[in-house]
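Engineer: Here you go, my_file.csv (CSV, C-alpha atoms):
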chain,number,residue,atom,x,y,z
X,38,MET,CA,99.5,123.9,46.8
X,39,GLU,CA,98.2,127.4,47.0
X,40,ILE,CA,96.2,126.6,50.1
X,41,MET,CA,99.3,125.1,51.8
X,42,LYS,CA,101.3,128.2,51.0
X,43,PHE,CA,98.6,130.3,52.4
X,44,LEU,CA,98.4,128.2,55.6
X,45,SER,CA,102.1,128.2,56.1
X,46,LEU,CA,102.3,132.0,56.3
X,47,ASP,CA,103.8,133.1,59.6
X,48,LEU,CA,101.6,135.1,61.9
X,49,HIS,CA,103.5,138.3,61.5
X,50,ARG,CA,103.1,138.3,57.7
X,51,PHE,CA,99.4,137.4,58.1
X,52,LYS,CA,98.7,140.4,60.4
X,53,SER,CA,100.5,142.8,58.0
X,54,MET,CA,98.5,141.5,55.1
X,55,VAL,CA,95.2,141.8,57.0
X,56,ALA,CA,96.1,145.4,58.0
X,57,SER,CA,96.2,146.3,54.3
X,58,GLY,CA,92.8,144.5,53.7
X,59,THR,CA,94.0,141.8,51.4
X,60,ILE,CA,96.0,138.6,51.3
X,61,GLY,CA,97.7,137.8,48.0
X,62,CYS,CA,98.1,134.2,46.8
X,63,LYS,CA,99.8,134.5,43.5
X,64,LYS,CA,97.0,135.3,41.0
X,65,ASN,CA,94.1,135.5,43.5
X,66,VAL,CA,93.3,138.2,46.1
X,67,VAL,CA,91.3,137.4,49.2
X,68,VAL,CA,89.4,140.3,50.6
X,69,LEU,CA,88.7,140.2,54.3
X,70,GLY,CA,86.0,142.1,56.0
X,71,GLY,CA,87.0,144.6,58.7
X,72,SER,CA,85.5,142.6,61.5
X,73,CYS,CA,88.1,141.3,64.0
X,74,LYS,CA,86.2,138.2,64.7
X,75,TYR,CA,86.9,136.9,61.2
X,76,ILE,CA,90.6,137.6,61.6
X,77,CYS,CA,90.7,135.7,64.9
X,78,TYR,CA,88.8,132.8,63.4
X,79,LEU,CA,91.3,132.4,60.6
X,80,GLN,CA,94.2,132.6,63.0
X,81,SER,CA,92.7,129.9,65.1
X,82,LEU,CA,92.0,127.8,62.0
X,83,ILE,CA,95.6,128.0,60.8
X,84,SER,CA,97.0,127.1,64.3
X,85,CYS,CA,94.7,124.1,64.6
X,86,PHE,CA,95.7,122.9,61.1
X,87,ARG,CA,99.4,123.1,62.0
X,88,VAL,CA,98.9,121.1,65.2
X,89,ILE,CA,97.0,118.4,63.3
X,90,MET,CA,99.7,118.2,60.6
X,91,VAL,CA,102.4,117.8,63.3
X,92,PHE,CA,100.4,115.1,65.0
X,93,LEU,CA,99.8,113.1,61.8
X,94,PHE,CA,103.5,113.4,60.9
X,95,PHE,CA,104.7,111.9,64.2
X,96,LEU,CA,101.9,109.3,64.2
X,97,GLY,CA,103.2,108.1,60.8
X,98,VAL,CA,106.8,108.0,62.0
X,99,LEU,CA,105.9,106.0,65.0
X,100,GLY,CA,103.8,103.6,63.0
X,101,CYS,CA,106.5,103.0,60.5
X,102,SER,CA,109.2,102.4,63.2
X,103,SER,CA,107.1,100.0,65.3
X,104,ASN,CA,106.3,97.5,62.6
X,105,PRO,CA,110.0,96.6,61.8
X,106,THR,CA,110.7,96.2,65.5
X,107,LYS,CA,107.8,93.7,65.9
X,108,LYS,CA,109.0,91.8,62.8
X,109,GLU,CA,112.5,91.7,64.1
X,110,ALA,CA,111.3,90.3,67.4
X,111,GLU,CA,109.4,87.6,65.7
X,112,LYS,CA,112.4,86.6,63.6
X,113,ALA,CA,114.5,86.4,66.8
X,114,LYS,CA,112.3,83.6,68.2
X,115,GLU,CA,113.7,80.1,67.9
X,116,TYR,CA,111.1,77.3,68.0
X,117,SER,CA,112.0,73.7,69.0
X,118,THR,CA,110.3,70.6,70.4
X,119,ILE,CA,109.9,69.8,74.1
X,120,GLU,CA,109.5,66.4,75.7
X,121,ASN,CA,106.2,65.3,77.1
X,122,VAL,CA,107.5,63.0,79.9
X,123,VAL,CA,104.2,61.0,80.2
X,124,ALA,CA,104.3,60.0,76.5
X,125,GLY,CA,108.0,59.7,76.3
X,126,THR,CA,108.0,61.7,73.1
X,127,SER,CA,108.0,65.3,71.9
X,128,SER,CA,104.8,67.2,72.8
X,129,GLU,CA,102.2,67.4,70.2
X,130,LYS,CA,100.6,70.5,71.8
X,131,TYR,CA,103.5,72.7,72.7
X,132,ASN,CA,106.7,74.2,71.4
X,133,LEU,CA,109.7,75.5,73.3
X,134,VAL,CA,110.5,79.0,72.3
X,135,LYS,CA,113.8,80.9,72.9
X,136,CYS,CA,114.5,84.6,72.4
X,137,LYS,CA,117.4,86.6,73.6
X,138,GLY,CA,118.5,83.8,76.1
X,139,LYS,CA,115.0,83.4,77.6
X,140,TYR,CA,112.5,80.6,77.2
X,141,GLY,CA,108.8,80.3,77.0
X,142,ILE,CA,106.1,77.9,75.9
X,143,TYR,CA,103.8,78.5,72.9
X,144,ALA,CA,101.0,76.3,71.7
X,145,VAL,CA,101.3,74.8,68.2
X,146,ASP,CA,98.9,77.6,67.0
X,147,GLU,CA,101.5,80.1,68.5
X,148,ALA,CA,99.3,81.1,71.4
X,149,GLU,CA,101.5,82.1,74.4
X,150,ILE,CA,101.2,79.6,77.2
X,151,LEU,CA,104.3,80.7,79.3
X,152,PRO,CA,106.0,84.1,78.5
X,153,LEU,CA,109.6,84.4,77.3
X,154,ARG,CA,111.2,85.0,80.8
X,155,TYR,CA,112.5,81.7,82.1
X,156,ASP,CA,116.2,80.5,82.0
X,157,GLY,CA,115.0,77.1,81.0
X,158,ILE,CA,112.0,74.9,80.6
X,159,LEU,CA,112.9,71.2,81.1
X,160,CYS,CA,109.7,69.3,80.0
X,161,THR,CA,106.0,69.1,80.0
X,162,ILE,CA,103.9,66.5,81.9
X,163,GLU,CA,100.6,66.0,80.0
X,164,ASP,CA,98.5,63.5,81.9
X,165,GLY,CA,95.1,64.1,80.4
X,166,ASN,CA,93.9,66.2,83.3
X,167,ASN,CA,96.4,69.0,83.7
X,168,ASP,CA,99.5,70.1,81.7
X,169,PHE,CA,102.5,70.8,83.9
X,170,PHE,CA,105.8,72.6,83.0
X,171,ILE,CA,109.0,72.2,85.0
X,172,VAL,CA,110.8,75.6,84.7
X,173,GLU,CA,114.0,77.2,85.8
X,174,LEU,CA,114.5,80.8,86.9
X,175,ASP,CA,117.5,82.4,88.7
X,176,GLY,CA,119.0,79.0,89.3
X,177,LYS,CA,115.9,77.5,91.0
X,178,LYS,CA,113.3,75.1,89.6
X,179,GLY,CA,109.5,74.8,90.1
X,180,VAL,CA,106.4,73.6,88.4
X,181,LEU,CA,103.8,75.8,86.6
X,182,LEU,CA,100.5,75.3,85.0
X,183,SER,CA,99.6,77.2,81.8
X,184,HIS,CA,99.6,81.0,82.0
X,185,GLU,CA,102.1,80.9,84.9
X,186,THR,CA,99.6,79.5,87.4
X,187,PRO,CA,101.9,78.4,90.3
X,188,PHE,CA,102.0,74.8,91.3
X,189,VAL,CA,105.3,73.9,92.9
X,190,PRO,CA,107.2,77.0,94.1
X,191,ILE,CA,110.3,78.0,92.0
X,192,GLU,CA,112.7,77.5,95.0
X,193,PHE,CA,114.2,74.0,94.5
X,194,ASP,CA,117.6,72.9,93.2
X,195,ASN,CA,116.0,70.0,91.2
X,196,ILE,CA,112.6,68.5,90.4
X,197,TYR,CA,112.1,65.0,89.1
X,198,TYR,CA,109.1,63.3,87.5
X,199,ASP,CA,108.7,59.8,86.2
X,200,ASP,CA,105.4,57.9,86.3
X,201,GLY,CA,107.2,54.6,86.6
X,202,VAL,CA,109.4,55.7,89.5
X,203,TYR,CA,107.4,58.4,91.3
X,204,HIS,CA,103.9,57.2,90.5
X,205,GLY,CA,102.5,60.6,89.7
X,206,PHE,CA,104.5,62.6,92.4
X,207,PHE,CA,107.0,65.3,91.9
X,208,GLU,CA,110.2,64.7,93.8
X,209,VAL,CA,111.9,68.0,94.8
X,210,GLU,CA,115.4,68.5,96.0
X,211,LEU,CA,117.0,71.3,98.0
X,212,ASN,CA,120.4,71.4,99.6
X,213,GLY,CA,120.7,67.6,99.2
X,214,LYS,CA,117.4,66.9,100.9
X,215,VAL,CA,114.3,65.5,99.1
X,216,GLY,CA,110.5,65.7,99.4
X,217,LEU,CA,107.3,65.1,97.4
X,218,PHE,CA,104.4,67.1,95.9
X,219,ASP,CA,101.3,65.4,94.6
X,220,LYS,CA,99.3,66.4,91.5
X,221,ASN,CA,97.0,68.5,93.6
X,222,GLY,CA,99.9,70.7,94.7
X,223,ASN,CA,100.1,69.3,98.2
X,224,ASN,CA,103.5,69.0,99.8
X,225,VAL,CA,102.9,65.4,101.0
X,226,VAL,CA,106.5,64.9,102.2
X,227,PRO,CA,108.5,67.9,103.5
X,228,CYS,CA,111.8,68.5,101.7
X,229,ARG,CA,114.1,67.5,104.6
X,230,TYR,CA,114.9,63.8,104.1
X,231,ASP,CA,117.8,61.9,102.5
X,232,ASN,CA,115.4,59.5,100.7
X,233,VAL,CA,111.7,58.9,100.2
X,234,GLN,CA,110.3,55.4,99.4
X,235,LEU,CA,107.0,54.9,97.7
X,236,ASN,CA,105.7,51.6,99.1
X,237,ARG,CA,102.9,50.2,96.8
X,238,ILE,CA,100.7,49.6,99.8
X,239,GLY,CA,101.3,52.9,101.5
X,240,TYR,CA,101.6,55.7,99.0
X,241,PRO,CA,98.0,55.5,97.6
X,242,TYR,CA,96.9,56.4,101.2
X,243,GLY,CA,99.5,59.1,101.8
X,244,ILE,CA,101.9,56.9,103.7
X,245,PHE,CA,105.6,57.3,102.8
X,246,ILE,CA,108.8,55.7,104.2
X,247,VAL,CA,111.5,58.3,104.7
X,248,ARG,CA,115.2,58.0,105.6
X,249,GLN,CA,117.5,60.3,107.5
X,250,GLY,CA,121.1,59.0,107.5
X,251,ASP,CA,120.7,55.2,108.2
X,252,LYS,CA,117.5,55.5,110.1
X,253,TYR,CA,113.9,55.2,108.8
X,254,GLY,CA,110.5,56.7,109.7
X,255,CYS,CA,107.1,57.4,108.2
X,256,VAL,CA,105.4,60.5,106.9
X,257,ILE,CA,101.6,60.3,106.8
X,258,ASN,CA,99.5,63.0,105.2
X,259,GLY,CA,102.4,65.4,105.2
X,260,LYS,CA,103.4,64.9,108.8
X,261,GLU,CA,106.2,62.8,110.3
X,262,MET,CA,104.1,60.3,112.4
X,263,ILE,CA,106.9,57.8,113.0
X,264,PRO,CA,110.3,59.5,113.6
X,265,CYS,CA,113.4,58.4,111.8
X,266,ASN,CA,114.7,56.3,114.7
X,267,TYR,CA,114.4,52.8,113.2
X,268,TYR,CA,116.7,50.5,111.2
X,269,SER,CA,113.8,49.1,109.2
X,270,ILE,CA,110.2,49.9,108.3
X,271,ILE,CA,107.7,47.4,106.9
X,272,ILE,CA,104.2,48.4,105.7
X,273,THR,CA,101.6,45.6,105.5
X,274,ASN,CA,97.9,45.9,104.7
X,275,ASP,CA,97.1,46.4,108.4
X,276,TYR,CA,100.2,47.6,110.1
X,277,ILE,CA,103.4,49.7,110.0
X,278,MET,CA,106.1,47.5,111.5
X,279,THR,CA,109.4,49.0,112.9
X,280,SER,CA,112.5,47.5,114.3
X,281,LEU,CA,115.6,48.7,116.1
X,282,HIS,CA,119.0,47.3,115.5
X,283,GLY,CA,119.1,43.6,116.3
X,284,GLU,CA,115.5,43.4,117.4
X,285,SER,CA,112.5,41.8,115.7
X,286,SER,CA,109.8,44.0,114.1
X,287,GLN,CA,107.2,45.6,116.3
X,288,ILE,CA,103.8,47.1,115.4
X,289,ALA,CA,104.1,50.8,115.4
X,290,MET,CA,100.8,51.8,113.8
X,291,ASN,CA,97.6,50.1,112.9
X,292,ILE,CA,96.6,51.1,109.4
X,293,GLY,CA,93.7,48.7,109.0
X,294,ASN,CA,91.5,51.7,108.2
X,295,LYS,CA,93.8,53.4,105.7
X,296,TYR,CA,91.3,56.1,104.8
X,297,GLN,CA,91.3,57.3,108.4
X,298,VAL,CA,95.1,57.2,108.5
X,299,TYR,CA,95.3,59.2,105.4
X,300,GLU,CA,92.9,61.8,106.7
X,301,ASN,CA,94.2,62.1,110.3
X,302,GLY,CA,97.1,59.9,111.0
X,303,TYR,CA,97.1,58.1,114.4
X,304,MET,CA,99.5,56.1,116.5
X,305,ARG,CA,98.7,52.7,118.1
Could you spell out this file's structure in structure tokens?
Structural biologist:
Amino acid sequence: MEIMKFLSLDLHRFKSMVASGTIGCKKNVVVLGGSCKYICYLQSLISCFRVIMVFLFFLGVLGCSSNPTKKEAEKAKEYSTIENVVAGTSSEKYNLVKCKGKYGIYAVDEAEILPLRYDGILCTIEDGNNDFFIVELDGKKGVLLSHETPFVPIEFDNIYYDDGVYHGFFEVELNGKVGLFDKNGNNVVPCRYDNVQLNRIGYPYGIFIVRQGDKYGCVINGKEMIPCNYYSIIITNDYIMTSLHGESSQIAMNIGNKYQVYENGYMR
């Protein structure tokens, strides 16, 4: 306590006491030599001590105030289950987390997978290779991988996934038109058709029947190779057959070598 009183002396009082040759601290008397260098040394020491005390005080205040804030933020988080579409049950790997109206994804060990910044997270698609998350932000939907790795751009009105219906493809919808993305992130059918059909012979090779109004065509490897001018399209093992209204089907494309069709696309 005596030291604290001594160090708390204001500079004016300190100088006046030095001028008389002594500094009183209750019962003790400290005698200083006449050299100015000792006076300057003590003045600097007192100033440094005051700065350190102020720093430690504010550090303590900030430390005490930050901990409650962090705890309050943790209490505000709401955890719930999220559907794994592939399994048809709640995910065993992830939880949906909500805080202040925003959503994120945390692993069951509470590691952050997607931050709390989305307006909605619809589901997970856990197929054993990659884990996909259909998210909503500012009224648009997209697909992300973990840690916000982009997959399908967040720019569509709706995104649908169902193994039984879409056979591993994501159907996207924008302004009433639909398209497809595969699980490699390729836009295999541009989002400009009224309907996309996944023919069991065609889709494994990137061949899709598309419809505009009441007319049909074919998209192959992301390109419209047969325009939507036909009333019917039939895909066989070797050919794509088309027909106009009231006419019999005609061969429009030879697909006997489906690998070549998938890579390049070619007309008969």
Engineer: Measuring between all atoms listed in the file, which one of X:Leu235, X:Ala113, X:Met290, X:Leu281 shows the shortest distance to Met262 in chain X?
Structural biologist: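 Closest to Met262 in chain X, using all atoms listed in the file: X:Met290.
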Engineer: Between X:Gly239, X:Gly293, X:Gly254, X:Gly222, which has the minimum distance to Ile272 in chain X (counting all atoms listed in the file)?
Structural biologist: X:Gly239
Engineer: What does the structure give for the distance between CA of Asn266 in chain X and CA of Asp251 in chain X, in Å to one decimal?
Structural biologist: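 These two atoms are separated by 8.9 Å.
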Engineer: Check the smallest atom-to-atom distance from each of X:Asn258, X:Thr118, X:Gln249, X:Ser280 to Val225 in chain X using all atoms listed in the file, then report the winner.
Structural biologist: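 Of all the options, X:Asn258 lies closest to Val225 in chain X.
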Engineer: Any idea what the distance is between CA of Cys160 in chain X and CA of Ile119 in chain X?
Structural biologist: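 About the pair CA of Cys160 in chain X and CA of Ile119 in chain X: they are 5.9 Å apart.
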Engineer: Quick one, how far is CA of Asn167 in chain X from CA of Asn221 in chain X?
Structural biologist: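 Here the two named atoms are 9.9 Å from each other.
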Engineer: Need the neighbours of (108.0, 59.5, 107.4): which residues are at most 6 Å away, counting only C-alpha atoms, as a ChimeraX atom specification?
Structural biologist: /X:245-247,254-256,261,263
Engineer: Just to be explicit: take each residue in the selection above, keep C-alpha atoms, and write the result as a PDB file, in the frame of the given file.
Structural biologist:
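Contents of the output file part-v4.pdb:
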ATOM      1  CA  PHE X 245     105.600  57.300 102.800  1.00  0.00           C
ATOM      2  CA  ILE X 246     108.800  55.700 104.200  1.00  0.00           C
ATOM      3  CA  VAL X 247     111.500  58.300 104.700  1.00  0.00           C
ATOM      4  CA  GLY X 254     110.500  56.700 109.700  1.00  0.00           C
ATOM      5  CA  CYS X 255     107.100  57.400 108.200  1.00  0.00           C
ATOM      6  CA  VAL X 256     105.400  60.500 106.900  1.00  0.00           C
ATOM      7  CA  GLU X 261     106.200  62.800 110.300  1.00  0.00           C
ATOM      8  CA  ILE X 263     106.900  57.800 113.000  1.00  0.00           C
TER       9      ILE X 263
END
Engineer: Within 6 Å of (106.5, 47.9, 111.7), in the coordinates the file gives, what residues turn up when you count all atoms listed in the file, written out as a PyMOL selection string?
Structural biologist: chain X and resi 270-271+277-279+286-289
Engineer: At a cut-off of 12 Å, can you tabulate as a Markdown table every residue of range 161-275 of chain X near range 135-144 of chain X together with its closest atom pair and the distance in Å to one decimal, using all atoms listed in the file and ordering rows by chain then number?
Structural biologist:
| residue | atom | partner | partner_atom | distance |
| --- | --- | --- | --- | --- |
| X:Thr161 | CA | X:Ile142 | CA | 9.7 |
| X:Asp168 | CA | X:Ile142 | CA | 11.7 |
| X:Phe169 | CA | X:Ile142 | CA | 11.3 |
| X:Phe170 | CA | X:Ile142 | CA | 8.9 |
| X:Ile171 | CA | X:Ile142 | CA | 11.1 |
| X:Val172 | CA | X:Tyr140 | CA | 9.2 |
| X:Glu173 | CA | X:Tyr140 | CA | 9.4 |
| X:Leu174 | CA | X:Lys139 | CA | 9.7 |
| X:Asp175 | CA | X:Lys139 | CA | 11.4 |
| X:Leu181 | CA | X:Ile142 | CA | 11.1 |
| X:Leu182 | CA | X:Ile142 | CA | 11.0 |
| X:Ser183 | CA | X:Ile142 | CA | 8.8 |
| X:His184 | CA | X:Ile142 | CA | 9.4 |
| X:Glu185 | CA | X:Ile142 | CA | 10.3 |
Engineer: Of the residues X:Leu159, X:Pro227, X:Ile150, X:Lys112, which is the one nearest to Asn195 in chain X, using all atoms listed in the file?
Structural biologist: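 Checking each candidate against Asn195 in chain X, we get X:Leu159 as the closest.
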